[in-house]
$ cat run_25.cif   # mmCIF, C-alpha atoms and all ligand atoms
data_run
loop_
_atom_site.label_atom_id
_atom_site.label_comp_id
_atom_site.auth_asym_id
_atom_site.auth_seq_id
_atom_site.Cartn_x
_atom_site.Cartn_y
_atom_site.Cartn_z
CA MET A 37 259.20 44.26 -44.58
CA PRO A 38 262.00 43.06 -42.28
CA SER A 39 261.51 42.65 -38.56
CA LEU A 40 263.18 45.13 -36.23
CA ILE A 41 264.32 44.29 -32.72
CA SER A 42 262.30 46.88 -30.81
CA GLY A 43 263.05 45.61 -27.32
CA THR A 44 265.02 42.94 -25.48
CA GLY A 45 264.69 41.48 -21.98
CA ARG A 46 266.06 38.74 -19.72
CA TYR A 47 265.39 36.99 -16.47
CA LEU A 48 267.79 34.87 -14.42
CA PRO A 49 266.69 32.96 -11.33
CA GLU A 50 268.17 34.29 -8.09
CA LYS A 51 269.83 31.11 -6.84
CA VAL A 52 273.54 31.01 -7.69
CA VAL A 53 275.34 27.63 -7.73
CA THR A 54 279.11 28.01 -7.80
CA ASN A 55 281.75 25.54 -8.92
CA ALA A 56 282.69 25.15 -5.26
CA ASP A 57 279.08 24.06 -4.55
CA LEU A 58 279.38 21.38 -7.27
CA GLU A 59 282.69 20.15 -5.88
CA LYS A 60 280.59 18.93 -2.92
CA VAL A 61 278.18 17.02 -5.17
CA VAL A 62 280.37 15.29 -7.79
CA GLU A 63 284.05 14.49 -8.24
CA THR A 64 285.13 17.66 -9.99
CA SER A 65 287.22 20.74 -9.36
CA SER A 66 286.56 24.39 -9.98
CA GLN A 67 289.87 24.51 -11.82
CA TRP A 68 288.75 21.78 -14.28
CA ILE A 69 285.41 23.50 -14.90
CA VAL A 70 286.97 26.93 -15.45
CA GLU A 71 289.77 25.67 -17.68
CA ARG A 72 287.62 23.33 -19.79
CA THR A 73 284.48 25.52 -20.05
CA GLY A 74 284.97 29.07 -18.68
CA ILE A 75 282.07 28.58 -16.26
CA LEU A 76 282.37 30.03 -12.72
CA GLU A 77 278.75 29.80 -11.59
CA ARG A 78 275.22 29.26 -12.91
CA ARG A 79 271.67 30.25 -11.92
CA ILE A 80 269.25 27.50 -10.93
CA ALA A 81 265.47 27.89 -10.83
CA ASP A 82 263.43 27.09 -7.72
CA GLU A 83 261.67 23.74 -7.94
CA ASN A 84 258.34 25.53 -8.39
CA GLN A 85 259.62 27.76 -11.25
CA SER A 86 258.76 26.55 -14.76
CA ALA A 87 260.14 27.68 -18.12
CA SER A 88 257.14 29.97 -18.64
CA ASP A 89 257.71 31.51 -15.18
CA LEU A 90 261.20 32.52 -16.31
CA ALA A 91 259.93 33.61 -19.74
CA VAL A 92 257.29 36.00 -18.40
CA PRO A 93 259.57 38.65 -16.79
CA ALA A 94 261.94 38.45 -19.79
CA ALA A 95 259.02 38.99 -22.19
CA LEU A 96 257.54 41.85 -20.16
CA ALA A 97 260.96 43.57 -20.04
CA ALA A 98 261.28 43.30 -23.84
CA LEU A 99 257.78 44.73 -24.33
CA GLU A 100 258.45 47.58 -21.91
CA LYS A 101 261.65 48.59 -23.73
CA ALA A 102 259.70 48.57 -26.99
CA GLY A 103 256.94 50.72 -25.48
CA ALA A 104 254.41 47.95 -26.15
CA ILE A 105 251.84 46.16 -24.00
CA PRO A 106 250.82 42.47 -23.98
CA GLU A 107 247.53 43.26 -25.76
CA ASP A 108 249.58 44.46 -28.79
CA VAL A 109 251.32 41.11 -29.29
CA GLU A 110 250.24 39.08 -32.35
CA LEU A 111 252.63 36.11 -32.17
CA ILE A 112 254.56 34.40 -29.37
CA ILE A 113 257.18 31.75 -30.12
CA VAL A 114 259.10 30.12 -27.29
CA GLY A 115 262.30 28.24 -28.08
CA THR A 116 262.63 25.64 -25.35
CA SER A 117 263.68 22.04 -24.81
CA THR A 118 262.58 22.06 -21.16
CA PRO A 119 258.93 23.04 -21.65
CA ASP A 120 256.44 23.43 -18.79
CA MET A 121 254.66 20.27 -20.01
CA LEU A 122 254.60 18.02 -23.10
CA PHE A 123 251.54 20.08 -23.95
CA PRO A 124 250.07 22.69 -23.87
CA SER A 125 253.01 24.62 -25.26
CA THR A 126 255.06 26.84 -22.98
CA ALA A 127 254.16 29.71 -25.32
CA CYS A 128 250.46 29.18 -24.48
CA PHE A 129 251.29 29.48 -20.77
CA VAL A 130 253.25 32.68 -21.46
CA GLN A 131 250.36 34.07 -23.52
CA SER A 132 247.95 33.46 -20.66
CA LYS A 133 250.27 34.69 -17.90
CA ILE A 134 251.03 38.04 -19.60
CA GLY A 135 247.52 38.50 -20.99
CA ALA A 136 248.52 38.62 -24.67
CA VAL A 137 244.93 37.83 -25.61
CA LYS A 138 245.33 38.47 -29.36
CA ALA A 139 248.51 36.40 -29.84
CA VAL A 140 248.86 33.02 -31.47
CA ALA A 141 251.40 31.05 -29.45
CA PHE A 142 253.54 27.98 -30.07
CA ASP A 143 256.91 26.45 -29.14
CA GLN A 144 259.90 25.67 -31.29
CA LEU A 145 262.06 22.71 -30.29
CA ALA A 146 265.65 22.95 -31.50
CA ALA A 147 267.55 22.56 -28.19
CA CYS A 148 270.27 25.21 -27.85
CA SER A 149 269.44 26.58 -31.34
CA GLY A 150 265.80 27.09 -30.32
CA PHE A 151 266.00 30.88 -30.16
CA ILE A 152 267.53 31.20 -33.66
CA PHE A 153 264.91 28.81 -35.07
CA ALA A 154 262.14 30.80 -33.35
CA LEU A 155 263.59 34.08 -34.62
CA ALA A 156 263.78 32.70 -38.17
CA THR A 157 260.13 31.60 -37.97
CA ALA A 158 258.84 34.86 -36.47
CA ASP A 159 260.81 36.88 -39.02
CA ARG A 160 259.11 35.00 -41.88
CA PHE A 161 255.66 35.72 -40.43
CA ILE A 162 256.49 39.42 -40.14
CA SER A 163 258.30 39.84 -43.46
CA SER A 164 255.42 38.16 -45.30
CA GLY A 165 252.96 40.57 -43.66
CA VAL A 166 251.00 37.94 -41.73
CA TYR A 167 251.75 39.54 -38.35
CA LYS A 168 252.97 43.02 -37.43
CA ASN A 169 254.94 41.92 -34.39
CA ALA A 170 256.19 38.92 -32.42
CA LEU A 171 257.61 38.06 -29.02
CA VAL A 172 260.46 35.62 -29.52
CA ILE A 173 261.63 33.95 -26.32
CA GLY A 174 264.26 31.43 -25.26
CA ALA A 175 263.41 29.91 -21.88
CA GLU A 176 264.98 26.91 -20.20
CA VAL A 177 265.03 25.03 -16.91
CA TYR A 178 267.81 22.56 -17.70
CA SER A 179 268.21 21.86 -13.98
CA SER A 180 265.02 19.78 -14.37
CA ILE A 181 266.68 17.33 -16.81
CA ILE A 182 270.22 17.33 -15.42
CA ASP A 183 271.58 14.20 -13.78
CA TRP A 184 273.19 15.77 -10.72
CA THR A 185 275.39 12.70 -10.30
CA ASP A 186 276.92 13.01 -13.80
CA ARG A 187 279.96 15.29 -13.60
CA THR A 188 280.32 15.38 -17.39
CA THR A 189 277.06 17.34 -17.76
CA CYS A 190 275.89 18.77 -14.41
CA VAL A 191 278.65 21.39 -14.29
CA LEU A 192 277.73 22.80 -17.70
CA PHE A 193 274.15 24.00 -17.64
CA GLY A 194 272.05 26.73 -16.02
CA ASP A 195 268.51 28.14 -16.11
CA GLY A 196 267.23 31.44 -17.52
CA ALA A 197 265.17 33.23 -20.15
CA GLY A 198 265.66 35.97 -22.72
CA ALA A 199 263.25 37.65 -25.11
CA VAL A 200 263.09 40.03 -28.05
CA PHE A 201 260.08 41.95 -29.35
CA LEU A 202 260.09 42.13 -33.14
CA THR A 203 258.10 44.71 -35.07
CA ALA A 204 257.74 45.33 -38.79
CA GLY A 205 260.43 47.78 -39.93
CA GLU A 206 261.97 49.38 -43.00
CA SER A 207 264.23 47.55 -45.42
CA GLY A 208 267.97 47.75 -44.76
CA SER A 209 267.50 47.30 -41.02
CA GLY A 210 266.34 44.64 -38.59
CA VAL A 211 266.76 40.92 -39.26
CA LEU A 212 268.71 40.89 -42.54
CA SER A 213 268.95 37.10 -42.83
CA THR A 214 268.53 33.84 -40.94
CA HIS A 215 270.13 30.50 -41.84
CA ILE A 216 269.05 27.37 -39.98
CA TYR A 217 270.23 23.76 -40.37
CA SER A 218 269.67 20.27 -38.93
CA ASP A 219 271.38 16.87 -38.94
CA GLY A 220 269.23 14.20 -37.28
CA SER A 221 271.81 11.49 -37.87
CA LYS A 222 273.71 12.81 -34.82
CA SER A 223 270.66 12.84 -32.53
CA ASP A 224 272.29 10.53 -29.98
CA TYR A 225 275.24 12.88 -29.38
CA LEU A 226 273.06 15.17 -27.25
CA SER A 227 269.58 14.24 -26.09
CA ALA A 228 267.06 13.80 -23.29
CA PRO A 229 265.61 10.51 -24.57
CA GLY A 230 262.94 9.64 -22.00
CA GLY A 231 259.35 10.73 -21.54
CA GLY A 232 258.33 10.72 -25.20
CA SER A 233 256.88 7.83 -27.19
CA VAL A 234 260.21 5.97 -27.50
CA HIS A 235 261.06 5.64 -23.80
CA ARG A 236 257.64 6.01 -22.20
CA PHE A 237 257.01 6.97 -18.60
CA THR A 238 257.50 3.72 -16.75
CA ALA A 239 259.15 2.96 -13.43
CA ASP A 240 262.06 1.41 -15.40
CA MET A 241 262.53 4.51 -17.53
CA ILE A 242 262.68 6.70 -14.43
CA GLU A 243 264.97 4.32 -12.59
CA GLN A 244 267.35 4.29 -15.58
CA LYS A 245 267.22 8.12 -15.59
CA LYS A 246 266.33 8.10 -19.30
CA TYR A 247 264.59 11.48 -18.94
CA LYS A 248 267.94 13.09 -18.07
CA LEU A 249 270.22 14.86 -20.52
CA VAL A 250 273.04 12.79 -22.01
CA MET A 251 275.86 14.18 -24.12
CA HIS A 252 278.97 12.94 -25.90
CA GLY A 253 280.72 16.18 -25.01
CA ASN A 254 283.91 15.85 -26.96
CA ARG A 255 282.25 14.74 -30.21
CA THR A 256 279.67 17.52 -29.86
CA PHE A 257 282.42 20.05 -29.19
CA LYS A 258 284.14 19.40 -32.53
CA VAL A 259 280.95 19.55 -34.60
CA ALA A 260 279.80 22.70 -32.78
CA ILE A 261 282.92 24.65 -33.77
CA LYS A 262 282.66 23.62 -37.43
CA MET A 263 278.95 24.32 -37.77
CA MET A 264 278.97 27.63 -35.90
CA LYS A 265 281.81 28.82 -38.13
CA GLU A 266 279.94 27.73 -41.27
CA ALA A 267 276.66 29.33 -40.13
CA ALA A 268 278.46 32.60 -39.38
CA GLU A 269 280.08 32.53 -42.83
CA ALA A 270 276.71 31.81 -44.47
CA ALA A 271 275.25 34.95 -42.84
CA MET A 272 278.17 37.15 -43.89
CA ASN A 273 278.36 35.79 -47.45
CA HIS A 274 274.60 36.11 -47.97
CA ASN A 275 274.71 39.79 -47.01
CA GLY A 276 278.02 40.61 -48.70
CA VAL A 277 279.66 41.68 -45.44
CA THR A 278 283.06 40.82 -43.99
CA PRO A 279 284.11 40.18 -40.37
CA SER A 280 285.32 43.78 -40.06
CA ASP A 281 281.75 45.02 -40.69
CA ILE A 282 280.41 43.14 -37.65
CA LYS A 283 280.20 45.19 -34.46
CA LEU A 284 279.26 42.29 -32.19
CA VAL A 285 278.90 38.52 -32.37
CA VAL A 286 276.51 36.96 -29.85
CA PRO A 287 277.28 33.24 -29.88
CA HIS A 288 275.49 30.46 -28.04
CA GLN A 289 277.26 30.10 -24.69
CA ALA A 290 278.15 26.39 -24.47
CA ASN A 291 281.88 26.56 -23.82
CA LYS A 292 284.44 29.39 -23.76
CA ARG A 293 286.82 27.23 -25.80
CA ILE A 294 284.19 26.77 -28.54
CA ILE A 295 283.72 30.55 -28.74
CA ASP A 296 287.51 31.09 -28.84
CA MET A 297 287.90 28.54 -31.65
CA VAL A 298 285.02 29.94 -33.72
CA ALA A 299 286.50 33.45 -33.45
CA LYS A 300 289.94 32.14 -34.43
CA GLN A 301 288.67 30.13 -37.40
CA LEU A 302 286.68 33.12 -38.67
CA GLY A 303 289.78 35.31 -38.31
CA MET A 304 287.87 37.64 -35.99
CA ASP A 305 289.06 39.37 -32.84
CA ARG A 306 287.76 37.56 -29.75
CA SER A 307 286.79 40.91 -28.21
CA VAL A 308 283.99 41.17 -30.81
CA PHE A 309 282.38 38.05 -29.29
CA TYR A 310 280.11 38.64 -26.30
CA MET A 311 280.60 36.12 -23.52
CA ASN A 312 278.73 35.69 -20.22
CA ILE A 313 279.11 31.91 -19.82
CA GLY A 314 281.19 32.54 -16.69
CA HIS A 315 278.12 33.63 -14.73
CA TYR A 316 275.29 31.63 -16.29
CA GLY A 317 276.77 28.45 -17.82
CA ASN A 318 274.94 27.02 -20.82
CA THR A 319 271.29 28.15 -20.72
CA ALA A 320 270.50 26.42 -24.05
CA ALA A 321 267.87 28.33 -26.09
CA ALA A 322 267.96 31.19 -23.58
CA SER A 323 271.67 31.93 -23.93
CA ILE A 324 271.57 34.16 -27.03
CA PRO A 325 268.66 36.43 -26.04
CA ILE A 326 270.07 36.80 -22.50
CA ALA A 327 273.47 37.74 -23.92
CA LEU A 328 271.97 40.08 -26.53
CA ASP A 329 269.98 41.96 -23.89
CA GLU A 330 273.06 42.32 -21.66
CA ALA A 331 275.28 43.40 -24.56
CA ILE A 332 272.84 46.10 -25.68
CA GLU A 333 272.46 47.28 -22.06
CA GLN A 334 276.25 47.56 -21.77
CA GLY A 335 276.46 49.57 -25.00
CA ARG A 336 278.41 46.83 -26.81
CA ALA A 337 276.15 47.43 -29.83
CA GLY A 338 273.62 50.13 -30.61
CA LYS A 339 271.35 51.49 -33.32
CA GLY A 340 272.67 50.89 -36.83
CA ASP A 341 275.27 48.31 -35.75
CA LEU A 342 275.57 44.90 -37.38
CA VAL A 343 275.13 42.04 -34.89
CA LEU A 344 275.67 38.39 -35.74
CA LEU A 345 273.91 35.68 -33.72
CA VAL A 346 275.14 32.11 -34.05
CA ALA A 347 273.99 28.92 -32.32
CA PHE A 348 274.51 25.18 -32.14
CA GLY A 349 272.57 22.51 -30.26
CA GLY A 350 271.12 19.03 -29.98
CA GLY A 351 269.46 17.52 -33.01
CA PHE A 352 271.97 18.49 -34.23
CA THR A 353 270.64 21.93 -35.06
CA TRP A 354 272.55 25.12 -35.80
CA GLY A 355 272.10 28.50 -37.40
CA SER A 356 272.80 32.21 -37.59
CA ALA A 357 271.04 35.53 -37.90
CA LEU A 358 272.48 38.83 -39.10
CA ILE A 359 270.76 41.87 -37.63
CA ARG A 360 271.15 45.61 -38.07
CA LEU A 361 269.99 47.05 -34.77
O1 LIG B 1 275.03 23.58 -26.06
C1 LIG B 1 274.93 22.69 -27.09
C2 LIG B 1 276.13 21.99 -27.45
N1 LIG B 1 276.98 21.66 -26.38
C3 LIG B 1 278.25 21.76 -26.57
O2 LIG B 1 278.66 22.23 -27.60
C4 LIG B 1 279.19 21.25 -25.52
C5 LIG B 1 280.36 20.59 -26.21
N2 LIG B 1 281.32 19.92 -25.35
C6 LIG B 1 282.11 20.54 -24.43
O3 LIG B 1 281.95 21.69 -24.14
C7 LIG B 1 283.25 19.75 -23.85
O4 LIG B 1 283.42 18.57 -24.60
C8 LIG B 1 283.06 19.39 -22.36
C9 LIG B 1 283.25 20.62 -21.50
C10 LIG B 1 281.71 18.77 -22.13
C11 LIG B 1 284.15 18.38 -21.94
O5 LIG B 1 285.44 18.89 -22.23
P1 LIG B 1 286.50 17.99 -23.00
O6 LIG B 1 287.74 18.74 -23.07
O7 LIG B 1 285.86 17.58 -24.31
O8 LIG B 1 286.69 16.77 -22.02
P2 LIG B 1 286.41 15.23 -22.26
O9 LIG B 1 284.97 14.94 -22.37
O10 LIG B 1 287.31 14.74 -23.37
O11 LIG B 1 286.96 14.65 -20.90
C12 LIG B 1 288.33 14.81 -20.50
C13 LIG B 1 288.48 14.24 -19.10
C14 LIG B 1 287.87 12.86 -18.93
O12 LIG B 1 288.70 12.09 -18.08
P3 LIG B 1 289.68 10.98 -18.69
O13 LIG B 1 288.78 10.00 -19.41
O14 LIG B 1 290.59 11.70 -19.63
O15 LIG B 1 290.36 10.42 -17.48
C15 LIG B 1 286.57 13.14 -18.21
O16 LIG B 1 286.12 12.04 -17.42
O17 LIG B 1 287.82 15.09 -18.15
C16 LIG B 1 286.97 14.29 -17.32
N3 LIG B 1 285.85 15.11 -16.88
C17 LIG B 1 285.86 15.83 -15.76
N4 LIG B 1 286.79 15.99 -14.80
C18 LIG B 1 286.50 16.80 -13.78
C19 LIG B 1 284.67 15.29 -17.51
N5 LIG B 1 283.89 16.12 -16.79
C20 LIG B 1 284.61 16.46 -15.70
C21 LIG B 1 284.35 17.28 -14.59
N6 LIG B 1 285.33 17.43 -13.67
N7 LIG B 1 283.20 17.95 -14.44
#
$ encode --input "run_25.cif" --output "structure tokens"
Amino acid sequence: MPSLISGTGRYLPEKVVTNADLEKVVETSSQWIVERTGILERRIADENQSASDLAVPAALAALEKAGAIPEDVELIIVGTSTPDMLFPSTACFVQSKIGAVKAVAFDQLAACSGFIFALATADRFISSGVYKNALVIGAEVYSSIIDWTDRTTCVLFGDGAGAVFLTAGESGSGVLSTHIYSDGSKSDYLSAPGGGSVHRFTADMIEQKKYKLVMHGNRTFKVAIKMMKEAAEAAMNHNGVTPSDIKLVVPHQANKRIIDMVAKQLGMDRSVFYMNIGHYGNTAAASIPIALDEAIEQGRAGKGDLVLLVAFGGGFTWGSALIRL
């Protein structure tokens, strides 16, 4: 019993921060940001908005489109690397805030691949018959871990949330496959090292900004292209489909140049790849479900179409999902 995407939803905070705004904060230029990343602006959450606050409207929108109510939900998984707290899980906060009283709820931590990992997990629970449905959410407040004095990272990220509501469907449709991968040997390429049991909360740790995101951008860039290409190929090979069968690719939105290179290396037309990085920047685990919801709303893919999701993130983690809508 595969899982069908019965509804999608998204929420972006209202506050828009443009490249021109960042030119006033760090030594950068809008031209550099646009040329090197494709980003024009990003949304930033209010200081009192948590990841679960962003997740709730996205989740409710997905449920509404599916014609479901919170009391129907059996499983909630939130992909996030900027959780409300170390614990309880952000998913537990979402469960409580929407009143999904029957649902079991937990988080999945795989940085920018968090949504694909959460989707893979929820799909297994549904296909094995344990649960009849699941809310799968990507929700991030990266502004809370960004060092706003570091021009190499602060121009890249944004906040937001996206959600899908999965229900048990018929074979031949829904989530046809998921492939997920990890390589912990590259953990220091992209991390937020402080606040756990390695760099504990001390005045020194805070002074050294160890709780902020750090990234070796260029090294990460090269691995991201290779792994996203391989994950996309794994999905197509597993299902015996070719690039021409794919109606839409929804890639993680980290950098326009990464998306261009992945399309080129797969021999696929760039127009098949959905891109909204210009307006939201990199929203980590939220980027794919936000983009999927927008793409469906714009009619870029509809019922019966094959859609390929592909992600890459810190860990390293990466993966893909092939879906027939
Ligand atoms: O989402 C999960 C995974 N994340 C990614 O996949 C992101 C991967 N990385 C990237 O997208 C790119 O590597 C970046 C956009 C982060 C950087 O682009 P790049 O072409 O790899 O640039 P670079 O790091 O090699 O830096 C080139 C130059 C450097 O100056 P020098 O040393 O050549 O003088 C940087 O200091 O650009 C400089 N630079 C900037 N200049 C103006 C770095 N950031 C900025 C900035 N404004 N914001």
$ closest_residue --input "run_25.cif" --among "A:Gly220, A:Gly351, A:Gly208, A:Gly340" --to "ligand LIG 1 (chain B)" --atoms "all atoms listed in the file"
A:Gly351
$ atom_distance --input "run_25.cif" --atom1 "atom CA of Ile162 of chain A" --atom2 "atom CA of Glu110 of chain A"
10.0 Å
$ atom_distance --input "run_25.cif" --atom1 "atom C12 of ligand LIG 1 (chain B)" --atom2 "atom CA of Arg72 of chain A"
8.6 Å
$ residues_near_point --input "run_25.cif" --point "(271.8, 14.2, -26.5)" --cutoff "9 Å" --atoms "all atoms listed in the file" --output "MDAnalysis selection string"
chainID A and resid 222:229 249:252 350:352
$ residues_near_ligand --input "run_25.cif" --ligand "ligand LIG 1 (chain B)" --cutoff "7 Å" --atoms "all atoms listed in the file" --output "number ranges by chain"
A: 63-65, 68-69, 72-73, 148, 187-189, 191, 253-257, 260, 290-291, 318, 320, 348-350
$ residues_around --input "run_25.cif" --residues "segment 271-279 of chain A" --least-positions-apart "5" --cutoff "8 Å" --atoms "only C-alpha atoms" --output "ChimeraX atom specification"
/A:212-215,302-304,344,356-358
$ residues_around --input "run_25.cif" --residues "segment 166-179 of chain A" --least-positions-apart "5" --cutoff "6 Å" --atoms "only C-alpha atoms" --output "ChimeraX atom specification"
/A:87,91,110-116,118,151,161,195-204,321-322
$ atom_distance --input "run_25.cif" --atom1 "atom CA of Ser209 of chain A" --atom2 "atom CA of Arg306 of chain A"
25.1 Å
$ axis_aligned_box --input "run_25.cif" --around "segment 67-81 of chain A" --padding-each-side "3 Å" --output "AutoDock Vina command-line options"
--center_x 277.7 --center_y 26.0 --center_z -15.4 --size_x 30.4 --size_y 14.5 --size_z 15.2
$ closest_residue --input "run_25.cif" --among "A:Arg46, A:Arg78, A:Lys133, A:Arg160" --to "Ala94 of chain A" --atoms "all atoms listed in the file"
A:Arg46
$ closest_residue --input "run_25.cif" --among "A:Val285, A:Thr185, A:Asp329, A:Met263" --to "Glu59 of chain A" --atoms "all atoms listed in the file"
A:Thr185
$ closest_residue --input "run_25.cif" --among "A:Ile261, A:Val211, A:Ile324, A:Val298" --to "Met37 of chain A" --atoms "all atoms listed in the file"
A:Val211
$ residues_around --input "run_25.cif" --residues "Glu107 of chain A" --least-positions-apart "3" --cutoff "8 Å" --atoms "all atoms listed in the file" --output "list in words"
Gly135, Ala136, Val137 and Lys138 of chain A
$ closest_residue --input "run_25.cif" --among "A:Ile75, A:Met297, A:Ile134, A:Ala239" --to "Leu99 of chain A" --atoms "only C-alpha atoms"
A:Ile134
$ residues_near_point --input "run_25.cif" --point "(272.3, 34.7, -17.3)" --cutoff "8 Å" --atoms "only C-alpha atoms" --output "list in words"
Arg46, Tyr47, Leu48, Arg78, Arg79, Asp195, Gly196, Ala197, Asn312, Ile313, His315, Tyr316, Gly317, Thr319, Ser323, Ile326 and Ala327 of chain A
$ closest_residue --input "run_25.cif" --among "A:Gly355, A:Ser39, A:Asp305, A:Gly45" --to "Glu100 of chain A" --atoms "only C-alpha atoms"
A:Gly45
$ residues_around --input "run_25.cif" --residues "Glu50 of chain A" --least-positions-apart "3" --cutoff "9 Å" --atoms "only C-alpha atoms" --output "PyMOL selection string"
chain A and resi 79-82
$ write_last_selection --input "run_25.cif" --atoms "C-alpha atoms" --output "CSV table (one decimal), in the frame of the given file"
chain,number,residue,atom,x,y,z
A,79,ARG,CA,271.7,30.2,-11.9
A,80,ILE,CA,269.2,27.5,-10.9
A,81,ALA,CA,265.5,27.9,-10.8
A,82,ASP,CA,263.4,27.1,-7.7
$ build_atoms --input "run_25.cif" --residues "segment 339-350 of chain A" --atoms "N, CA and C atoms" --output "short mmCIF file (atom, residue, chain, number, x, y, z; two decimals), keeping the file's coordinate frame"
data_model
loop_
_atom_site.label_atom_id
_atom_site.label_comp_id
_atom_site.auth_asym_id
_atom_site.auth_seq_id
_atom_site.Cartn_x
_atom_site.Cartn_y
_atom_site.Cartn_z
N LYS A 339 272.12 51.29 -32.09
CA LYS A 339 271.35 51.49 -33.32
C LYS A 339 272.26 51.62 -34.55
N GLY A 340 271.92 50.86 -35.58
CA GLY A 340 272.67 50.89 -36.83
C GLY A 340 273.80 49.87 -36.90
N ASP A 341 274.16 49.28 -35.76
CA ASP A 341 275.27 48.31 -35.75
C ASP A 341 274.84 46.95 -36.28
N LEU A 342 275.81 46.26 -36.91
CA LEU A 342 275.57 44.90 -37.38
C LEU A 342 275.90 43.90 -36.28
N VAL A 343 274.94 43.04 -35.94
CA VAL A 343 275.13 42.04 -34.89
C VAL A 343 274.86 40.67 -35.49
N LEU A 344 275.79 39.75 -35.22
CA LEU A 344 275.67 38.39 -35.74
C LEU A 344 275.36 37.43 -34.59
N LEU A 345 274.27 36.70 -34.71
CA LEU A 345 273.91 35.68 -33.72
C LEU A 345 274.23 34.32 -34.32
N VAL A 346 274.82 33.43 -33.50
CA VAL A 346 275.14 32.11 -34.05
C VAL A 346 275.01 31.05 -32.95
N ALA A 347 274.33 29.94 -33.33
CA ALA A 347 273.99 28.92 -32.32
C ALA A 347 274.27 27.52 -32.81
N PHE A 348 274.37 26.61 -31.83
CA PHE A 348 274.51 25.18 -32.14
C PHE A 348 273.88 24.38 -31.00
N GLY A 349 273.18 23.28 -31.34
CA GLY A 349 272.57 22.51 -30.26
C GLY A 349 272.18 21.10 -30.68
N GLY A 350 271.55 20.41 -29.75
CA GLY A 350 271.12 19.03 -29.98
C GLY A 350 270.19 18.93 -31.18
#
